[in-house]
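S.K.: If it helps, the file is called input-v3.cif and holds mmCIF, C-alpha atoms:
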data_structure
loop_
_atom_site.group_PDB
_atom_site.id
_atom_site.type_symbol
_atom_site.label_atom_id
_atom_site.label_comp_id
_atom_site.auth_asym_id
_atom_site.auth_seq_id
_atom_site.Cartn_x
_atom_site.Cartn_y
_atom_site.Cartn_z
ATOM 1 C CA MET D 6 0.000 0.000 0.000
ATOM 2 C CA ASN D 7 1.566 3.263 -1.017
ATOM 3 C CA ALA D 8 1.699 6.363 1.150
ATOM 4 C CA LYS D 9 -1.023 8.219 -0.765
ATOM 5 C CA VAL D 10 -3.580 5.443 -0.314
ATOM 6 C CA LEU D 11 -2.718 5.023 3.360
ATOM 7 C CA LYS D 12 -3.072 8.765 3.950
ATOM 8 C CA SER D 13 -6.511 8.838 2.319
ATOM 9 C CA LYS D 14 -7.711 5.803 4.340
ATOM 10 C CA ILE D 15 -6.702 7.487 7.582
ATOM 11 C CA ALA D 16 -8.273 10.789 6.509
ATOM 12 C CA ASN D 17 -11.551 9.065 5.593
ATOM 13 C CA ARG D 18 -11.708 7.292 8.979
ATOM 14 C CA LEU D 19 -11.134 10.600 10.773
ATOM 15 C CA LYS D 20 -13.954 12.202 8.758
ATOM 16 C CA ARG D 21 -16.291 9.372 9.770
ATOM 17 C CA LYS D 22 -15.133 9.722 13.378
ATOM 18 C CA ARG D 23 -15.894 13.452 13.473
ATOM 19 C CA ARG D 24 -19.287 12.926 11.841
ATOM 20 C CA ILE D 25 -20.209 10.270 14.418
ATOM 21 C CA ARG D 26 -18.950 12.332 17.374
ATOM 22 C CA ALA D 27 -21.010 15.320 16.278
ATOM 23 C CA LYS D 28 -24.143 13.260 16.871
ATOM 24 C CA ILE D 29 -23.371 11.327 20.067
ATOM 25 C CA SER D 30 -22.300 12.292 23.565
ATOM 26 C CA GLY D 31 -22.023 10.538 26.902
ATOM 27 C CA SER D 32 -23.084 11.427 30.416
ATOM 28 C CA ALA D 33 -22.693 9.897 33.865
ATOM 29 C CA GLU D 34 -25.921 7.888 33.508
ATOM 30 C CA LEU D 35 -25.392 7.040 29.810
ATOM 31 C CA PRO D 36 -21.637 6.981 29.096
ATOM 32 C CA ARG D 37 -20.079 6.833 25.641
ATOM 33 C CA VAL D 38 -18.049 3.660 25.110
ATOM 34 C CA SER D 39 -15.244 4.382 22.663
ATOM 35 C CA VAL D 40 -13.334 1.554 20.960
ATOM 36 C CA PHE D 41 -9.863 1.914 19.440
ATOM 37 C CA LYS D 42 -8.274 -0.902 17.497
ATOM 38 C CA SER D 43 -4.805 -1.341 16.152
ATOM 39 C CA ASN D 44 -3.218 -4.347 14.496
ATOM 40 C CA ARG D 45 -2.041 -5.624 17.889
ATOM 41 C CA TYR D 46 -4.389 -4.296 20.556
ATOM 42 C CA LEU D 47 -7.899 -3.153 21.425
ATOM 43 C CA SER D 48 -8.628 -0.371 23.855
ATOM 44 C CA VAL D 49 -12.052 0.572 25.231
ATOM 45 C CA GLN D 50 -13.194 3.225 27.659
ATOM 46 C CA ALA D 51 -16.461 4.531 29.052
ATOM 47 C CA ILE D 52 -16.453 8.325 28.914
ATOM 48 C CA ASN D 53 -18.564 10.972 30.618
ATOM 49 C CA ASP D 54 -18.421 13.829 28.080
ATOM 50 C CA VAL D 55 -20.118 16.321 30.414
ATOM 51 C CA THR D 56 -17.184 16.343 32.825
ATOM 52 C CA ALA D 57 -14.621 14.969 30.313
ATOM 53 C CA THR D 58 -13.691 12.019 32.535
ATOM 54 C CA THR D 59 -13.133 8.339 31.939
ATOM 55 C CA ILE D 60 -15.415 6.174 34.069
ATOM 56 C CA CYS D 61 -13.644 2.886 33.342
ATOM 57 C CA ALA D 62 -11.182 1.620 30.755
ATOM 58 C CA LEU D 63 -9.690 -1.662 29.594
ATOM 59 C CA HIS D 64 -6.774 -2.474 27.283
ATOM 60 C CA SER D 65 -6.189 -5.837 25.659
ATOM 61 C CA LYS D 66 -2.454 -5.716 26.418
ATOM 62 C CA ALA D 67 -3.072 -5.524 30.168
ATOM 63 C CA SER D 68 -5.800 -8.166 30.117
ATOM 64 C CA GLY D 69 -3.928 -10.550 27.808
ATOM 65 C CA HIS D 70 -6.449 -10.649 24.944
ATOM 66 C CA LYS D 71 -5.509 -10.625 21.266
ATOM 67 C CA SER D 72 -6.830 -8.229 18.636
ATOM 68 C CA ASN D 73 -9.082 -10.732 16.879
ATOM 69 C CA LYS D 74 -12.755 -11.661 17.127
ATOM 70 C CA GLU D 75 -12.241 -14.105 19.992
ATOM 71 C CA GLY D 76 -10.121 -11.623 21.904
ATOM 72 C CA ALA D 77 -12.654 -8.865 21.276
ATOM 73 C CA ALA D 78 -15.459 -11.063 22.602
ATOM 74 C CA ALA D 79 -13.452 -11.861 25.741
ATOM 75 C CA LEU D 80 -12.596 -8.176 26.178
ATOM 76 C CA GLY D 81 -16.297 -7.329 25.782
ATOM 77 C CA GLU D 82 -17.225 -9.745 28.573
ATOM 78 C CA ALA D 83 -14.546 -8.314 30.863
ATOM 79 C CA PHE D 84 -15.587 -4.739 30.061
ATOM 80 C CA ALA D 85 -19.254 -5.563 30.676
ATOM 81 C CA ALA D 86 -18.281 -6.826 34.127
ATOM 82 C CA LYS D 87 -16.448 -3.531 34.805
ATOM 83 C CA LEU D 88 -19.497 -1.559 33.666
ATOM 84 C CA LYS D 89 -21.765 -3.587 35.946
ATOM 85 C CA GLU D 90 -19.434 -2.855 38.891
ATOM 86 C CA ALA D 91 -19.904 0.848 38.109
ATOM 87 C CA ASN D 92 -23.718 0.317 38.021
ATOM 88 C CA ILE D 93 -23.975 1.050 34.287
ATOM 89 C CA SER D 94 -26.411 -1.011 32.220
ATOM 90 C CA GLU D 95 -26.947 1.261 29.214
ATOM 91 C CA ILE D 96 -24.329 2.970 27.021
ATOM 92 C CA VAL D 97 -23.849 4.942 23.818
ATOM 93 C CA PHE D 98 -21.542 2.949 21.520
ATOM 94 C CA ASP D 99 -18.842 4.923 19.682
ATOM 95 C CA ARG D 100 -17.242 2.786 16.987
ATOM 96 C CA ASN D 101 -14.653 5.548 16.423
ATOM 97 C CA GLY D 102 -15.004 5.649 12.630
ATOM 98 C CA TYR D 103 -14.514 1.898 12.147
ATOM 99 C CA GLN D 104 -17.065 -0.246 10.341
ATOM 100 C CA TYR D 105 -19.370 -2.240 12.608
ATOM 101 C CA HIS D 106 -17.872 -5.464 11.311
ATOM 102 C CA GLY D 107 -15.444 -8.109 12.502
ATOM 103 C CA VAL D 108 -13.639 -7.178 15.709
ATOM 104 C CA ILE D 109 -15.847 -4.160 16.481
ATOM 105 C CA ALA D 110 -19.025 -6.205 15.952
ATOM 106 C CA ALA D 111 -17.665 -9.061 18.104
ATOM 107 C CA PHE D 112 -17.007 -6.589 20.925
ATOM 108 C CA GLY D 113 -20.481 -5.053 20.590
ATOM 109 C CA ASP D 114 -22.185 -8.435 20.501
ATOM 110 C CA ALA D 115 -20.309 -9.500 23.650
ATOM 111 C CA LEU D 116 -21.558 -6.387 25.427
ATOM 112 C CA ARG D 117 -25.133 -7.118 24.360
ATOM 113 C CA ALA D 118 -24.800 -10.752 25.426
ATOM 114 C CA ASN D 119 -23.797 -9.535 28.897
ATOM 115 C CA GLU D 120 -26.918 -7.336 29.233
ATOM 116 C CA ILE D 121 -25.394 -3.959 28.336
ATOM 117 C CA LYS D 122 -27.890 -2.054 26.181
ATOM 118 C CA PHE D 123 -27.009 0.375 23.400
#
In structure tokens, write the structure found in this file.
M.R.:
Amino acid sequence: MNAKVLKSKIANRLKRKRRIRAKISGSAELPRVSVFKSNRYLSVQAINDVTATTICALHSKASGHKSNKEGAAALGEAFAAKLKEANISEIVFDRNGYQYHGVIAAFGDALRANEIKF
């Protein structure tokens, strides 16, 4: 992949991210769960946008999960447990400009399976 194509892919994802973030916001009762994926790791955090604070966060490197569908599902279960400890049962899901497919969908489905609504 040449540099020009890579630059345009990144720019397009950032455009999608800004468009999504213009429409959604989190609060203490209904936090925004943001997902970041790289080739090696997944990182998720529940954010209260009113006070600009992170309620809880989880990183696949610290928890020992891989950045594939199975790892995303396991990370989703672990993150759902953290959300339940914080008495959160409903969230706003921020896919961060990524398609709701593959790893992102596996994470979202794991949250739903563990009774987190979005």
S.K.: Please enumerate the residues selected by the PyMOL selection byres ((chain D and resi 96) around 8) when evaluated against the supplied file, formatted as a ChimeraX atom specification.
M.R.: /D:31,35-38,93-95,97-98,121-123
S.K.: Please compute the atom CA of D:Thr58-atom CA of D:Leu80 distance, one decimal, in Å.
M.R.: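 Separating atom CA of D:Thr58 from atom CA of D:Leu80 is a distance of 21.2 Å.
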S.K.: Using only C-alpha atoms, which protein or nucleic acid residues come within 9 Å of D:His70? Drop anything in the same chain fewer than 3 positions from it, and give the result as a list in words.
M.R.: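 Those residues are Tyr46, Leu47, His64, Ser65, Lys66, Ala67, Asn73, Glu75, Gly76, Ala77, Ala79 and Leu80 of chain D.
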S.K.: Evaluate the PyMOL selection byres ((chain D and resi 102) around 12) on the structure here and hand back the selected residues as a ChimeraX atom specification.
M.R.: /D:14-27,39-42,98-101,103-106,109
S.K.: Can you measure atom CA of D:Asn92 to atom CA of D:Ala111 for me? One decimal in Å is fine.
M.R.: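 Straight-line distance from atom CA of D:Asn92 to atom CA of D:Ala111 works out to 22.8 Å.
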S.K.: Padding 4 Å on every side, please: axis-aligned box over the listed atoms of stretch 96-105 of chain D, centre and edge lengths to one decimal in Å, as lines of an AutoDock Vina configuration file.
M.R.:
center_x = -19.4
center_y = 1.7
center_z = 18.7
size_x = 17.8
size_y = 15.9
size_z = 24.7
S.K.: Around (-18.7, -4.9, 35.6) in the file's own coordinates, what residues are found within 12 Å if you use all atoms listed in the file, given back as a PyMOL selection string?
M.R.: chain D and resi 51+60-63+80-94+116+119-121
S.K.: With only C-alpha atoms as the counted atoms, please give the residues lying no more than 9 Å from D:Ala33, apart from itself and same-chain residues fewer than 6 positions off, as a compact mmCIF listing (two decimals) with C-alpha atoms, keeping the file's coordinate frame.
M.R.:
# COMPACT_ATOMS: atom_id res chain seq x y z
CA ILE D 52 -16.45 8.32 28.91
CA ASN D 53 -18.56 10.97 30.62
CA ASP D 54 -18.42 13.83 28.08
CA VAL D 55 -20.12 16.32 30.41
CA THR D 56 -17.18 16.34 32.83
CA ILE D 60 -15.42 6.17 34.07
CA ILE D 93 -23.98 1.05 34.29
